[in-house]
2 protein chains.
Amino acid sequence: MNAPTKRNTRQRTSIIDFLKTRKEFISAKELYSEMEGSKVGLSTIYRALSDLVNDGDLDVFIDNDGESRFRLCGSHHHHHLLCRKCGKSVEFQAPEAEALAERLGASEGFSEMEHRLEIIGTCQECI
Amino acid sequence: MNAPTKRNTRQRTSIIDFLKTRKEFISAKELYSEMEGSKVGLSTIYRALSDLVNDGDLDVFIDNDGESRFRLCGSHHHHHLLCRKCGKSVEFQAPEAEALAERLGASEGFSEMEHRLEIIGTCQECI
DNA sequence: ATTGATAATGGGAATCATTGTCAATAAGCC
DNA sequence: GGCTTATTGACAATGATTCCCATTATCAAT
């Protein structure tokens, strides 16, 4: 993450600065209209968001209308995939799970969500 | 679920029968091409899938390309949302989690996935 | 500070899953 | 069989996202 492959442009900076002021998930289009003053093109917003996701700086999830929604990552929470036979374990991140926890908890009136996710399966060597 | 509001048509029956033979998630388009012999229109497939989802007979999740993928519900695996103060617990289902477990496990060469997901938060009464 | 190589921008067109439209058809009831 | 009405399906429309490409901006080297 934080691959230093991108140049610092006014647009990219504005987008990141805007995201820093935002705790909730936001869609590309919403970002576009809320940033109207900053004169950033919609294509640029899509590109920047996509880069930020690839660098691991943004969490994404796709809402029920098929629209992607973004939020700056907090600490990098991770989960485990475990083999039920040999115990081999693989770490992974799951922004979907972060987002799911937020949405589900919020929909029930909960706040300050944490979550635990564990996937158990049989690894290739143990089949 | 299983709201008996729909007529039994050849098309609807074919779609359900096809889904019964399928363990993995499938998209509407894939279903359409795999069922070519059955002469069912794409609109009809979308409508039927949407009805089945509303009746609670199908699990859905939206993949990374924004395409919806469907699978007949199996046993209704569920998860818990817990309050960290009073212990109040709410059951919920999360097809996304089912799908996530499948995908992630498979991507690491694992099979026969199970998973556990727990969300912990503070409920409205305990704030 | 200027230059030059190259990455980033933006606006419109293109893509592609999904939904809407509506005339034709088929289910289910008498 | 005949009737009422939901369902179907071909096609158009929608809408988020990506592609295209001429123009512009960044930044390291001069």
# chains A, B, ... in the order shown; residues from 1 in each chain; ligands from 1

$ residues_around --residues "Met113 (chain A)" --least-positions-apart "4" --cutoff "7 Å" --atoms "only C-alpha atoms (C1' of nucleotides)" --output "MDAnalysis selection string"
(chainID A and resid 101:102 105) or (chainID B and resid 119:121)

$ write_last_selection --atoms "N, CA and C atoms" --output "PDB file, in the first residue's frame"
ATOM      1  N   ALA A 101     -19.981  -4.451   8.521  1.00  0.00           N
ATOM      2  CA  ALA A 101     -20.129  -4.261   9.961  1.00  0.00           C
ATOM      3  C   ALA A 101     -20.706  -2.872  10.257  1.00  0.00           C
ATOM      4  N   GLU A 102     -20.193  -1.879   9.573  1.00  0.00           N
ATOM      5  CA  GLU A 102     -20.690  -0.517   9.762  1.00  0.00           C
ATOM      6  C   GLU A 102     -22.174  -0.414   9.436  1.00  0.00           C
ATOM      7  N   GLY A 105     -24.480  -2.780  11.714  1.00  0.00           N
ATOM      8  CA  GLY A 105     -24.553  -2.267  13.066  1.00  0.00           C
ATOM      9  C   GLY A 105     -25.409  -1.010  13.091  1.00  0.00           C
TER      10      GLY A 105
ATOM     11  N   ILE B 119     -20.255  -9.181  14.841  1.00  0.00           N
ATOM     12  CA  ILE B 119     -20.074  -7.734  14.905  1.00  0.00           C
ATOM     13  C   ILE B 119     -20.373  -7.298  16.323  1.00  0.00           C
ATOM     14  N   ILE B 120     -19.487  -6.505  16.872  1.00  0.00           N
ATOM     15  CA  ILE B 120     -19.659  -6.034  18.232  1.00  0.00           C
ATOM     16  C   ILE B 120     -19.769  -4.512  18.197  1.00  0.00           C
ATOM     17  N   GLY B 121     -20.740  -3.980  18.900  1.00  0.00           N
ATOM     18  CA  GLY B 121     -20.895  -2.527  18.928  1.00  0.00           C
ATOM     19  C   GLY B 121     -21.579  -2.125  20.222  1.00  0.00           C
TER      20      GLY B 121
END

$ closest_atom_pairs --of "chain C" --to "chain A" --cutoff "9 Å" --atoms "only C-alpha atoms (C1' of nucleotides)" --output "CSV"
residue,atom,partner,partner_atom,distance
C:DA7,C1',A:Arg7,CA,7.5
C:DA8,C1',A:Thr9,CA,7.8
C:DT9,C1',A:Thr44,CA,6.6
C:DG10,C1',A:Gly41,CA,5.4
C:DG11,C1',A:Gly41,CA,8.2

$ write_last_selection --atoms "N, CA and C atoms (P, O5', C5', C4', C3', O3' and C1' of nucleotides)" --output "PDB file, in the first residue's frame"
ATOM      1  P    DA C   7       5.030   7.831 -17.832  1.00  0.00           P
ATOM      2  O5'  DA C   7       4.063   8.243 -16.639  1.00  0.00           O
ATOM      3  C5'  DA C   7       4.601   9.016 -15.560  1.00  0.00           C
ATOM      4  C4'  DA C   7       3.546   9.965 -15.038  1.00  0.00           C
ATOM      5  C3'  DA C   7       2.181   9.311 -14.875  1.00  0.00           C
ATOM      6  O3'  DA C   7       1.655   9.762 -13.632  1.00  0.00           O
ATOM      7  C1'  DA C   7       2.009  11.208 -16.297  1.00  0.00           C
ATOM      8  P    DA C   8       0.199   9.459 -13.214  1.00  0.00           P
ATOM      9  O5'  DA C   8      -0.581  10.782 -13.624  1.00  0.00           O
ATOM     10  C5'  DA C   8      -0.196  12.005 -13.009  1.00  0.00           C
ATOM     11  C4'  DA C   8      -1.248  13.047 -13.305  1.00  0.00           C
ATOM     12  C3'  DA C   8      -2.683  12.601 -13.049  1.00  0.00           C
ATOM     13  O3'  DA C   8      -3.347  13.666 -12.393  1.00  0.00           O
ATOM     14  C1'  DA C   8      -2.448  13.291 -15.294  1.00  0.00           C
ATOM     15  P    DT C   9      -4.866  13.612 -12.137  1.00  0.00           P
ATOM     16  O5'  DT C   9      -5.410  14.451 -13.371  1.00  0.00           O
ATOM     17  C5'  DT C   9      -5.136  15.847 -13.435  1.00  0.00           C
ATOM     18  C4'  DT C   9      -5.861  16.455 -14.612  1.00  0.00           C
ATOM     19  C3'  DT C   9      -7.386  16.315 -14.557  1.00  0.00           C
ATOM     20  O3'  DT C   9      -7.954  17.613 -14.609  1.00  0.00           O
ATOM     21  C1'  DT C   9      -6.525  15.677 -16.687  1.00  0.00           C
ATOM     22  P    DG C  10      -9.444  17.805 -14.095  1.00  0.00           P
ATOM     23  O5'  DG C  10     -10.233  17.737 -15.472  1.00  0.00           O
ATOM     24  C5'  DG C  10      -9.996  18.722 -16.457  1.00  0.00           C
ATOM     25  C4'  DG C  10     -10.863  18.420 -17.664  1.00  0.00           C
ATOM     26  C3'  DG C  10     -12.292  18.014 -17.327  1.00  0.00           C
ATOM     27  O3'  DG C  10     -13.125  18.451 -18.386  1.00  0.00           O
ATOM     28  C1'  DG C  10     -11.280  16.277 -18.488  1.00  0.00           C
ATOM     29  P    DG C  11     -14.247  19.482 -18.153  1.00  0.00           P
ATOM     30  O5'  DG C  11     -15.108  19.256 -19.465  1.00  0.00           O
ATOM     31  C5'  DG C  11     -14.468  19.346 -20.737  1.00  0.00           C
ATOM     32  C4'  DG C  11     -15.037  18.313 -21.691  1.00  0.00           C
ATOM     33  C3'  DG C  11     -16.491  17.920 -21.410  1.00  0.00           C
ATOM     34  O3'  DG C  11     -17.127  17.720 -22.658  1.00  0.00           O
ATOM     35  C1'  DG C  11     -15.161  16.002 -21.430  1.00  0.00           C
TER      36       DG C  11
END

$ interface_residues --of "chain D" --to "chain A" --cutoff "12 Å" --atoms "only C-alpha atoms (C1' of nucleotides)" --output "NGL selection string"
:D and (15-20 or 24-27)

$ write_last_selection --atoms "C-alpha atoms (C1' of nucleotides)" --output "compact mmCIF listing (two decimals), in the first residue's frame"
# COMPACT_ATOMS: atom_id res chain seq x y z
C1' DG D 15 -27.03 5.03 -15.29
C1' DA D 16 -22.57 4.01 -13.24
C1' DT D 17 -18.16 3.41 -14.80
C1' DT D 18 -14.42 3.19 -18.21
C1' DC D 19 -12.22 4.48 -22.47
C1' DC D 20 -10.15 7.81 -25.62
C1' DT D 24 -2.00 20.41 -19.59
C1' DA D 25 0.77 19.88 -15.42
C1' DT D 26 4.50 17.71 -12.71
C1' DC D 27 9.20 17.14 -11.62

$ closest_atom_pairs --of "chain B" --to "chain A" --cutoff "10 Å" --atoms "only C-alpha atoms" --output "Markdown table"
| residue | atom | partner | partner_atom | distance |
| --- | --- | --- | --- | --- |
| B:Phe61 | CA | A:Asn64 | CA | 8.9 |
| B:Ile62 | CA | A:Ile62 | CA | 6.9 |
| B:Asp63 | CA | A:Ile62 | CA | 8.2 |
| B:Asn64 | CA | A:Ile62 | CA | 7.9 |
| B:Asp65 | CA | A:Gly66 | CA | 9.3 |
| B:Gly66 | CA | A:Gly66 | CA | 5.7 |
| B:Glu67 | CA | A:Gly66 | CA | 7.7 |
| B:Ser68 | CA | A:Gly66 | CA | 8.3 |
| B:Leu81 | CA | A:Gly105 | CA | 7.0 |
| B:Leu82 | CA | A:Phe110 | CA | 8.9 |
| B:Cys83 | CA | A:Phe110 | CA | 7.6 |
| B:Arg84 | CA | A:Met113 | CA | 9.5 |
| B:Val90 | CA | A:Glu108 | CA | 8.3 |
| B:Phe92 | CA | A:Leu104 | CA | 8.4 |
| B:Gln93 | CA | A:Leu104 | CA | 9.8 |
| B:Ala94 | CA | A:Leu100 | CA | 8.3 |
| B:Glu96 | CA | A:Glu96 | CA | 7.8 |
| B:Ala97 | CA | A:Ala97 | CA | 7.3 |
| B:Glu98 | CA | A:Ile119 | CA | 9.7 |
| B:Leu100 | CA | A:Glu96 | CA | 8.2 |
| B:Ala101 | CA | A:Ile119 | CA | 6.0 |
| B:Glu102 | CA | A:Ile119 | CA | 8.9 |
| B:Leu104 | CA | A:Leu81 | CA | 8.2 |
| B:Gly105 | CA | A:Gly121 | CA | 6.9 |
| B:Ala106 | CA | A:Gly121 | CA | 9.1 |
| B:Glu108 | CA | A:Cys123 | CA | 7.9 |
| B:Gly109 | CA | A:Gln124 | CA | 5.5 |
| B:Phe110 | CA | A:Cys123 | CA | 4.3 |
| B:Ser111 | CA | A:Thr122 | CA | 5.1 |
| B:Glu112 | CA | A:Gly121 | CA | 5.3 |
| B:Met113 | CA | A:Gly121 | CA | 4.3 |
| B:Glu114 | CA | A:Ile120 | CA | 5.1 |
| B:His115 | CA | A:Ile119 | CA | 4.2 |
| B:Arg116 | CA | A:Glu118 | CA | 5.2 |
| B:Leu117 | CA | A:Leu117 | CA | 4.4 |
| B:Glu118 | CA | A:Arg116 | CA | 5.2 |
| B:Ile119 | CA | A:His115 | CA | 4.2 |
| B:Ile120 | CA | A:Glu114 | CA | 5.1 |
| B:Gly121 | CA | A:Met113 | CA | 4.3 |
| B:Thr122 | CA | A:Ser111 | CA | 5.1 |
| B:Cys123 | CA | A:Phe110 | CA | 4.3 |
| B:Gln124 | CA | A:Gly109 | CA | 5.5 |
| B:Glu125 | CA | A:Gly109 | CA | 9.1 |
| B:Cys126 | CA | A:Phe110 | CA | 9.2 |
| B:Ile127 | CA | A:Ser111 | CA | 8.2 |

$ select_by_dssp --residues "region 18-119 of chain B" --states "strand (DSSP E)" --output "VMD selection string"
chain B and resid 26 to 27 58 to 62 68 to 72 79 to 83 89 to 92 111 to 119

$ select_by_dssp --residues "chain A" --states "helix (DSSP H, G or I)" --output "NGL selection string"
:A and (10-20 or 28-34 or 36-38 or 42-54 or 95-107 or 124-126)

$ write_last_selection --atoms "C-alpha atoms" --output "PDB file, in the first residue's frame"
ATOM      1  CA  ARG A  10      -3.957  19.688  -7.286  1.00  0.00           C
ATOM      2  CA  GLN A  11      -6.891  17.402  -8.064  1.00  0.00           C
ATOM      3  CA  ARG A  12      -5.572  14.387  -6.238  1.00  0.00           C
ATOM      4  CA  THR A  13      -4.711  16.509  -3.221  1.00  0.00           C
ATOM      5  CA  SER A  14      -8.184  18.059  -3.141  1.00  0.00           C
ATOM      6  CA  ILE A  15      -9.792  14.665  -3.314  1.00  0.00           C
ATOM      7  CA  ILE A  16      -7.721  13.253  -0.470  1.00  0.00           C
ATOM      8  CA  ASP A  17      -8.248  16.372   1.612  1.00  0.00           C
ATOM      9  CA  PHE A  18     -11.950  16.143   1.050  1.00  0.00           C
ATOM     10  CA  LEU A  19     -12.023  12.488   2.023  1.00  0.00           C
ATOM     11  CA  LYS A  20     -10.181  13.302   5.250  1.00  0.00           C
ATOM     12  CA  ALA A  28     -17.919   9.052  -6.821  1.00  0.00           C
ATOM     13  CA  LYS A  29     -20.838  11.112  -8.085  1.00  0.00           C
ATOM     14  CA  GLU A  30     -21.558  12.544  -4.653  1.00  0.00           C
ATOM     15  CA  LEU A  31     -17.907  13.427  -4.258  1.00  0.00           C
ATOM     16  CA  TYR A  32     -18.067  15.119  -7.639  1.00  0.00           C
ATOM     17  CA  SER A  33     -20.984  17.336  -6.704  1.00  0.00           C
ATOM     18  CA  GLU A  34     -19.759  18.097  -3.208  1.00  0.00           C
ATOM     19  CA  GLU A  36     -17.835  21.293  -7.399  1.00  0.00           C
ATOM     20  CA  GLY A  37     -15.880  24.307  -6.190  1.00  0.00           C
ATOM     21  CA  SER A  38     -12.595  22.441  -6.603  1.00  0.00           C
ATOM     22  CA  LEU A  42     -15.491  13.155 -12.911  1.00  0.00           C
ATOM     23  CA  SER A  43     -13.035  10.896 -14.743  1.00  0.00           C
ATOM     24  CA  THR A  44     -10.262  12.146 -12.511  1.00  0.00           C
ATOM     25  CA  ILE A  45     -12.314  11.377  -9.457  1.00  0.00           C
ATOM     26  CA  TYR A  46     -12.943   7.840 -10.641  1.00  0.00           C
ATOM     27  CA  ARG A  47      -9.254   7.367 -11.395  1.00  0.00           C
ATOM     28  CA  ALA A  48      -8.068   8.795  -8.113  1.00  0.00           C
ATOM     29  CA  LEU A  49     -10.510   6.689  -6.117  1.00  0.00           C
ATOM     30  CA  SER A  50      -9.486   3.595  -7.989  1.00  0.00           C
ATOM     31  CA  ASP A  51      -5.787   4.306  -7.356  1.00  0.00           C
ATOM     32  CA  LEU A  52      -6.418   4.944  -3.693  1.00  0.00           C
ATOM     33  CA  VAL A  53      -8.248   1.654  -3.422  1.00  0.00           C
ATOM     34  CA  ASN A  54      -5.365  -0.156  -5.106  1.00  0.00           C
ATOM     35  CA  PRO A  95     -13.015  -4.089   3.191  1.00  0.00           C
ATOM     36  CA  GLU A  96     -16.421  -5.619   2.464  1.00  0.00           C
ATOM     37  CA  ALA A  97     -16.480  -6.907   6.009  1.00  0.00           C
ATOM     38  CA  GLU A  98     -15.534  -3.513   7.436  1.00  0.00           C
ATOM     39  CA  ALA A  99     -18.284  -1.896   5.442  1.00  0.00           C
ATOM     40  CA  LEU A 100     -20.773  -4.638   6.250  1.00  0.00           C
ATOM     41  CA  ALA A 101     -20.129  -4.261   9.961  1.00  0.00           C
ATOM     42  CA  GLU A 102     -20.690  -0.517   9.762  1.00  0.00           C
ATOM     43  CA  ARG A 103     -23.896  -0.778   7.792  1.00  0.00           C
ATOM     44  CA  LEU A 104     -25.417  -3.629   9.683  1.00  0.00           C
ATOM     45  CA  GLY A 105     -24.553  -2.267  13.066  1.00  0.00           C
ATOM     46  CA  ALA A 106     -25.828   1.184  12.141  1.00  0.00           C
ATOM     47  CA  SER A 107     -29.065  -0.243  10.770  1.00  0.00           C
ATOM     48  CA  GLN A 124      -4.798 -27.730  -1.036  1.00  0.00           C
ATOM     49  CA  GLU A 125      -2.220 -29.938   0.695  1.00  0.00           C
ATOM     50  CA  CYS A 126      -4.778 -31.428   3.069  1.00  0.00           C
TER      51      CYS A 126
END

$ residues_around --residues "region 28-30 of chain C" --least-positions-apart "3" --cutoff "9 Å" --atoms "only C-alpha atoms (C1' of nucleotides)" --output "list in words"
Arg7 of chain B; DG2, DC3 and DT4 of chain D

$ atom_distance --atom1 "C1' of DT7 (chain D)" --atom2 "C1' of DT19 (chain C)"
16.1 Å

$ atom_distance --atom1 "C1' of DA10 (chain D)" --atom2 "CA of Phe25 (chain B)"
27.1 Å
